[in-house]
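What follows is a single structure, written as structure tokens, with notes after it.
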Amino acid sequence: MSKRFTLKTLAALGAVAMGTLLMSTGAQAQQKLKWAHVYETSEPYHTESVWAADEIKKRSNGKFDIQVFPASTLGKETDINQGLTLGTVDMIISGPSFAARTYPRFGIAYYPFIFRDGDHLIAYSKSPVFQEMVSEFRAKTGIQVTAYTYYGARHTTAQKAFTNCAGMKGIKIRVPDVPAYRATPEACGANPTPIAFAEVYLALQNGTVEAQENPLTTIEAKKFFEVQKAIMLTGHIVDGLTTQIAPHLWNKLSDAEKKMFTDVTQEAAVRATAKIKAREAELVDEFKKKGLQIVQVDRKSFQDAVLKNKPLTSMGFTQSDFDKIQAAK
């Protein structure tokens, strides 16, 4: 009896195991993926990422189930960039300045005043020189850049207004911990202070720093206008964000899946870019209504200081890349 029971039990277990195996090797097992960024849920970078996640799920017939983690919930920007290599996240939206720590050539996009406007930045993202950079970055890291979203022209907020480069001297200003971001304040004699993005509001509120720089849409989303008195329209960097896919995901995708991820994330980038441009155009008047002082500055004074004190080659960038970017249309 004991022997018969054992044989029957083994047979039953074998059938369960075989069923499990057949299910796991069926048409497709669902893959749960993590997509991380540091932006607020109200911002287009998040809402369009959620759209893209849903769209990828639809187009893959449910194979890829992507959860988007906003507002630094999976870590600061440095953390999520590292996560692509460590395998803790599958996709991110991030400024390529962080990727430039591994692949410095990307950093030229942050050289002050290199882009004329948002349209020029998007033209660069479609140019041969950028595609060459993307290929070299993937060869070095395995990470695939699939899309570029306009982030906005970066302007400066402070407790005291100023009208030119000299007026920035001595101001303690928060900037991301990236040489190109520090270039303009350093060229003007300010004291740039790196602080994690999630901590900037508190730092401005308690006086750890007096100033910061970000696009108008970010100043709105992060409510920096609540703890600053003036916005100087320096426009010193026209900024963008890249959508990046980790090597442990990208290398397992079929060619059709790679195209699908690329197409969808690029569609999301176009949608987000349009929303950012539209909102950016509205915000000067809205900030004025909130009582902030809006200052038109002498932008040439900032440009001249950067060219003199932080020349292109001193930051490791090449004139050849600069010229190709200028020619992008």
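So you can find residues: chains in the structure tokens are A, B, ... in the order shown, residues in each start at 1, and ligands are numbered from 1 in order.
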
Mind listing the strand (DSSP E or B) residues of segment 17-216 of chain A, per DSSP on the backbone, as a ChimeraX atom specification?
/A:31-36,64-69,91-94,144-158,172-175,191-194,211-215

Please produce a file of those selected residues containing N, CA and C atoms, as a compact mmCIF listing (two decimals), in the first residue's frame.
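Saved result, again.txt, follows:
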# COMPACT_ATOMS: atom_id res chain seq x y z
N GLN A 31 6.80 39.43 -18.34
CA GLN A 31 7.98 39.99 -17.68
C GLN A 31 7.58 41.28 -16.98
N LYS A 32 7.83 41.34 -15.69
CA LYS A 32 7.56 42.55 -14.92
C LYS A 32 8.82 43.41 -14.92
N LEU A 33 8.68 44.66 -15.33
CA LEU A 33 9.83 45.55 -15.48
C LEU A 33 9.66 46.81 -14.63
N LYS A 34 10.79 47.38 -14.22
CA LYS A 34 10.79 48.61 -13.43
C LYS A 34 11.37 49.76 -14.26
N TRP A 35 10.60 50.85 -14.31
CA TRP A 35 11.00 52.06 -15.05
C TRP A 35 11.06 53.19 -14.01
N ALA A 36 12.23 53.77 -13.81
CA ALA A 36 12.42 54.74 -12.72
C ALA A 36 12.81 56.11 -13.24
N PHE A 64 5.13 42.36 -21.67
CA PHE A 64 5.91 43.27 -20.82
C PHE A 64 4.97 44.10 -19.94
N ASP A 65 5.07 43.88 -18.64
CA ASP A 65 4.26 44.60 -17.66
C ASP A 65 5.17 45.57 -16.92
N ILE A 66 5.12 46.84 -17.31
CA ILE A 66 6.07 47.83 -16.80
C ILE A 66 5.41 48.71 -15.73
N GLN A 67 6.06 48.79 -14.57
CA GLN A 67 5.61 49.72 -13.53
C GLN A 67 6.56 50.91 -13.50
N VAL A 68 5.99 52.11 -13.54
CA VAL A 68 6.80 53.33 -13.53
C VAL A 68 6.91 53.84 -12.09
N PHE A 69 8.13 54.08 -11.64
CA PHE A 69 8.41 54.55 -10.29
C PHE A 69 8.88 56.01 -10.36
N MET A 91 14.56 50.27 -16.92
CA MET A 91 14.49 51.45 -17.77
C MET A 91 14.54 52.69 -16.89
N ILE A 92 15.08 53.77 -17.43
CA ILE A 92 15.07 55.04 -16.71
C ILE A 92 14.86 56.19 -17.69
N ILE A 93 14.42 57.32 -17.13
CA ILE A 93 14.52 58.60 -17.83
C ILE A 93 15.50 59.43 -17.01
N SER A 94 16.51 59.97 -17.67
CA SER A 94 17.55 60.70 -16.95
C SER A 94 18.30 61.62 -17.90
N GLN A 144 21.15 51.00 -23.83
CA GLN A 144 20.62 51.55 -25.08
C GLN A 144 19.80 52.81 -24.81
N VAL A 145 20.17 53.90 -25.46
CA VAL A 145 19.38 55.13 -25.43
C VAL A 145 18.37 55.04 -26.56
N THR A 146 17.08 55.15 -26.23
CA THR A 146 16.05 55.00 -27.26
C THR A 146 15.35 56.30 -27.63
N ALA A 147 15.36 57.30 -26.74
CA ALA A 147 14.60 58.52 -27.02
C ALA A 147 15.20 59.70 -26.29
N TYR A 148 14.87 60.90 -26.79
CA TYR A 148 15.36 62.16 -26.20
C TYR A 148 14.15 63.09 -26.04
N THR A 149 13.94 63.58 -24.85
CA THR A 149 12.82 64.47 -24.56
C THR A 149 13.33 65.86 -24.19
N TYR A 150 12.70 66.88 -24.71
CA TYR A 150 13.04 68.26 -24.32
C TYR A 150 12.66 68.48 -22.86
N TYR A 151 13.61 68.97 -22.08
CA TYR A 151 13.38 69.21 -20.66
C TYR A 151 13.09 70.68 -20.37
N GLY A 152 13.67 71.55 -21.20
CA GLY A 152 13.42 72.98 -21.01
C GLY A 152 14.71 73.78 -20.93
N ALA A 153 14.56 75.08 -21.13
CA ALA A 153 15.70 75.99 -20.96
C ALA A 153 15.87 76.25 -19.47
N ARG A 154 17.10 76.09 -18.99
CA ARG A 154 17.36 76.24 -17.56
C ARG A 154 17.55 77.71 -17.22
N HIS A 155 16.77 78.18 -16.26
CA HIS A 155 16.86 79.56 -15.77
C HIS A 155 17.23 79.54 -14.29
N THR A 156 17.62 80.68 -13.78
CA THR A 156 18.13 80.76 -12.42
C THR A 156 17.14 81.45 -11.50
N THR A 157 16.88 80.84 -10.34
CA THR A 157 16.07 81.49 -9.32
C THR A 157 16.96 81.83 -8.14
N ALA A 158 16.60 82.90 -7.42
CA ALA A 158 17.42 83.33 -6.27
C ALA A 158 16.58 84.18 -5.33
N LYS A 172 25.58 81.36 -3.46
CA LYS A 172 25.64 79.91 -3.24
C LYS A 172 24.45 79.28 -3.97
N ILE A 173 24.74 78.59 -5.05
CA ILE A 173 23.69 78.08 -5.93
C ILE A 173 23.75 76.57 -6.07
N ARG A 174 22.60 75.94 -5.95
CA ARG A 174 22.54 74.48 -6.14
C ARG A 174 22.58 74.17 -7.63
N VAL A 175 23.47 73.26 -8.00
CA VAL A 175 23.51 72.72 -9.36
C VAL A 175 23.73 71.21 -9.26
N ASN A 191 29.17 80.27 -6.24
CA ASN A 191 29.62 79.11 -5.47
C ASN A 191 28.66 77.95 -5.70
N PRO A 192 28.86 77.17 -6.78
CA PRO A 192 27.95 76.06 -7.06
C PRO A 192 28.05 74.96 -6.02
N THR A 193 26.89 74.48 -5.57
CA THR A 193 26.82 73.49 -4.50
C THR A 193 25.94 72.33 -4.95
N PRO A 194 26.53 71.15 -5.16
CA PRO A 194 25.71 70.00 -5.57
C PRO A 194 24.82 69.52 -4.42
N ALA A 211 20.15 79.93 -4.16
CA ALA A 211 19.68 79.93 -5.54
C ALA A 211 19.73 78.52 -6.12
N GLN A 212 19.06 78.36 -7.26
CA GLN A 212 19.12 77.09 -8.00
C GLN A 212 18.83 77.42 -9.46
N GLU A 213 19.01 76.44 -10.34
CA GLU A 213 18.70 76.66 -11.75
C GLU A 213 18.01 75.41 -12.30
N ASN A 214 16.89 75.66 -13.02
CA ASN A 214 16.09 74.60 -13.61
C ASN A 214 15.14 75.22 -14.63
N PRO A 215 14.55 74.42 -15.50
CA PRO A 215 13.52 74.96 -16.40
C PRO A 215 12.30 75.45 -15.62

Extract the full set of helix (DSSP H, G or I) residues from segment 23-125 of chain A according to DSSP on the backbone, and format it as a VMD selection string.
chain A and resid 23 to 24 44 to 59 77 to 86 96 to 99 104 to 110 118 to 125

Just write the chosen residues, N, CA and C atoms, as a compact mmCIF listing (two decimals), in the first residue's frame.
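Generated file (result36.txt):
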# COMPACT_ATOMS: atom_id res chain seq x y z
N MET A 23 3.68 25.53 -19.02
CA MET A 23 3.18 26.90 -18.89
C MET A 23 4.31 27.90 -19.04
N SER A 24 5.46 27.59 -18.42
CA SER A 24 6.57 28.55 -18.44
C SER A 24 7.21 28.65 -19.80
N PRO A 44 5.02 65.75 -17.40
CA PRO A 44 4.88 64.92 -18.60
C PRO A 44 5.87 63.76 -18.67
N TYR A 45 7.04 63.91 -18.05
CA TYR A 45 8.01 62.80 -18.07
C TYR A 45 7.40 61.57 -17.42
N HIS A 46 6.57 61.79 -16.40
CA HIS A 46 5.91 60.66 -15.75
C HIS A 46 4.65 60.22 -16.50
N THR A 47 3.78 61.17 -16.79
CA THR A 47 2.51 60.78 -17.42
C THR A 47 2.72 60.11 -18.77
N GLU A 48 3.72 60.56 -19.52
CA GLU A 48 3.98 59.94 -20.82
C GLU A 48 4.74 58.63 -20.67
N SER A 49 5.49 58.46 -19.59
CA SER A 49 6.12 57.16 -19.33
C SER A 49 5.05 56.12 -18.99
N VAL A 50 4.05 56.54 -18.21
CA VAL A 50 2.94 55.65 -17.90
C VAL A 50 2.19 55.27 -19.18
N TRP A 51 1.97 56.27 -20.05
CA TRP A 51 1.35 55.98 -21.35
C TRP A 51 2.17 54.97 -22.12
N ALA A 52 3.50 55.19 -22.17
CA ALA A 52 4.38 54.30 -22.92
C ALA A 52 4.37 52.88 -22.33
N ALA A 53 4.36 52.79 -21.01
CA ALA A 53 4.32 51.47 -20.36
C ALA A 53 3.07 50.71 -20.76
N ASP A 54 1.92 51.41 -20.75
CA ASP A 54 0.66 50.78 -21.15
C ASP A 54 0.69 50.38 -22.63
N GLU A 55 1.28 51.25 -23.44
CA GLU A 55 1.34 51.00 -24.88
C GLU A 55 2.22 49.80 -25.19
N ILE A 56 3.34 49.69 -24.49
CA ILE A 56 4.24 48.54 -24.68
C ILE A 56 3.53 47.25 -24.27
N LYS A 57 2.77 47.32 -23.19
CA LYS A 57 2.01 46.13 -22.76
C LYS A 57 1.01 45.72 -23.82
N LYS A 58 0.31 46.70 -24.39
CA LYS A 58 -0.68 46.40 -25.44
C LYS A 58 0.00 45.81 -26.67
N ARG A 59 1.06 46.47 -27.13
CA ARG A 59 1.70 46.06 -28.38
C ARG A 59 2.42 44.72 -28.24
N GLU A 77 19.04 60.25 -8.75
CA GLU A 77 19.38 60.06 -10.16
C GLU A 77 20.65 59.24 -10.35
N THR A 78 21.63 59.45 -9.49
CA THR A 78 22.85 58.65 -9.56
C THR A 78 22.53 57.18 -9.32
N ASP A 79 21.64 56.91 -8.36
CA ASP A 79 21.29 55.53 -8.01
C ASP A 79 20.62 54.81 -9.17
N ILE A 80 19.67 55.48 -9.81
CA ILE A 80 18.93 54.78 -10.87
C ILE A 80 19.80 54.57 -12.11
N ASN A 81 20.74 55.48 -12.34
CA ASN A 81 21.69 55.27 -13.43
C ASN A 81 22.57 54.06 -13.15
N GLN A 82 23.02 53.94 -11.93
CA GLN A 82 23.81 52.77 -11.54
C GLN A 82 22.97 51.50 -11.61
N GLY A 83 21.67 51.67 -11.32
CA GLY A 83 20.76 50.53 -11.32
C GLY A 83 20.65 49.82 -12.66
N LEU A 84 20.85 50.56 -13.75
CA LEU A 84 20.83 49.94 -15.07
C LEU A 84 21.93 48.89 -15.21
N THR A 85 23.08 49.20 -14.65
CA THR A 85 24.20 48.27 -14.71
C THR A 85 24.08 47.17 -13.66
N LEU A 86 23.58 47.53 -12.49
CA LEU A 86 23.44 46.56 -11.40
C LEU A 86 22.27 45.61 -11.60
N PRO A 96 21.41 62.92 -19.80
CA PRO A 96 22.63 62.21 -20.22
C PRO A 96 23.89 62.70 -19.52
N SER A 97 23.76 63.75 -18.71
CA SER A 97 24.93 64.19 -17.94
C SER A 97 25.40 63.10 -16.99
N PHE A 98 24.48 62.27 -16.51
CA PHE A 98 24.87 61.18 -15.62
C PHE A 98 25.53 60.06 -16.41
N ALA A 99 25.03 59.78 -17.61
CA ALA A 99 25.67 58.81 -18.49
C ALA A 99 27.07 59.29 -18.89
N PRO A 104 32.06 60.32 -21.40
CA PRO A 104 32.14 61.79 -21.31
C PRO A 104 31.65 62.55 -22.54
N ARG A 105 31.69 61.94 -23.71
CA ARG A 105 31.31 62.64 -24.94
C ARG A 105 29.87 63.14 -24.89
N PHE A 106 28.99 62.42 -24.19
CA PHE A 106 27.60 62.86 -24.04
C PHE A 106 27.50 64.24 -23.38
N GLY A 107 28.47 64.57 -22.55
CA GLY A 107 28.40 65.79 -21.75
C GLY A 107 28.40 67.08 -22.54
N ILE A 108 28.78 67.03 -23.80
CA ILE A 108 28.83 68.25 -24.60
C ILE A 108 27.45 68.88 -24.74
N ALA A 109 26.39 68.09 -24.62
CA ALA A 109 25.03 68.62 -24.72
C ALA A 109 24.72 69.60 -23.59
N TYR A 110 25.54 69.61 -22.57
CA TYR A 110 25.33 70.50 -21.42
C TYR A 110 26.28 71.69 -21.43
N GLY A 118 14.86 74.61 -28.00
CA GLY A 118 14.43 73.23 -27.89
C GLY A 118 14.40 72.49 -29.22
N ASP A 119 14.02 73.20 -30.28
CA ASP A 119 13.98 72.58 -31.60
C ASP A 119 15.39 72.15 -32.04
N HIS A 120 16.37 72.96 -31.71
CA HIS A 120 17.76 72.62 -32.05
C HIS A 120 18.19 71.37 -31.29
N LEU A 121 17.83 71.27 -30.02
CA LEU A 121 18.17 70.09 -29.23
C LEU A 121 17.55 68.83 -29.84
N ILE A 122 16.29 68.90 -30.25
CA ILE A 122 15.63 67.74 -30.84
C ILE A 122 16.28 67.38 -32.18
N ALA A 123 16.68 68.40 -32.95
CA ALA A 123 17.39 68.14 -34.20
C ALA A 123 18.70 67.40 -33.93
N TYR A 124 19.40 67.80 -32.89
CA TYR A 124 20.64 67.12 -32.47
C TYR A 124 20.35 65.65 -32.14
N SER A 125 19.23 65.39 -31.46
CA SER A 125 18.92 64.02 -31.05
C SER A 125 18.67 63.10 -32.24

Using only C-alpha atoms, which protein or nucleic acid residues come within 10 Å of segment 227-229 of chain A? Drop anything in the same chain fewer than 5 positions from it, and give the result as a list in words.
Thr157, Ala158, Gln159, Lys160, Ala161, Tyr201, Leu202, Ala203, Leu204, Gln205, Asn206, Gly207, Glu210, Ala211, Gln212, Ile219, Lys290, Gly291, Leu292, Gln293 and Ile294 of chain A

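Among the candidates A:Ile237, A:Phe302, A:Ala278, A:Lys140, the one nearest to Ala190 of chain A when counting only C-alpha atoms is A:Phe302.
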
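With only C-alpha atoms as the atoms that count, the minimum distance from Gly316 of chain A to the choices A:Ala272, A:Leu216, A:Ala180, A:Ala139 is reached by A:Ala180.
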
Pick out the closest residue to Val238 of chain A from this set: A:Gly95, A:Pro70, A:Pro311, A:Gly87. Count only C-alpha atoms.
A:Gly95

When you look at Thr184 of chain A with a cut-off of 7 Å (counting only C-alpha atoms), what residues show up, excluding the ones that are within fewer than 4 positions of it in the same chain? I need them as a ChimeraX atom specification.
/A:112,188,302,306

Please report the interatomic distance between atom CA of Lys277 of chain A and atom CA of Arg138 of chain A in Å with one decimal.
29.5 Å

When distances are computed from only C-alpha atoms, which of A:Thr273, A:Asn309, A:Ser127, A:Gln296 shows the smallest separation from Ala328 of chain A?
A:Ser127
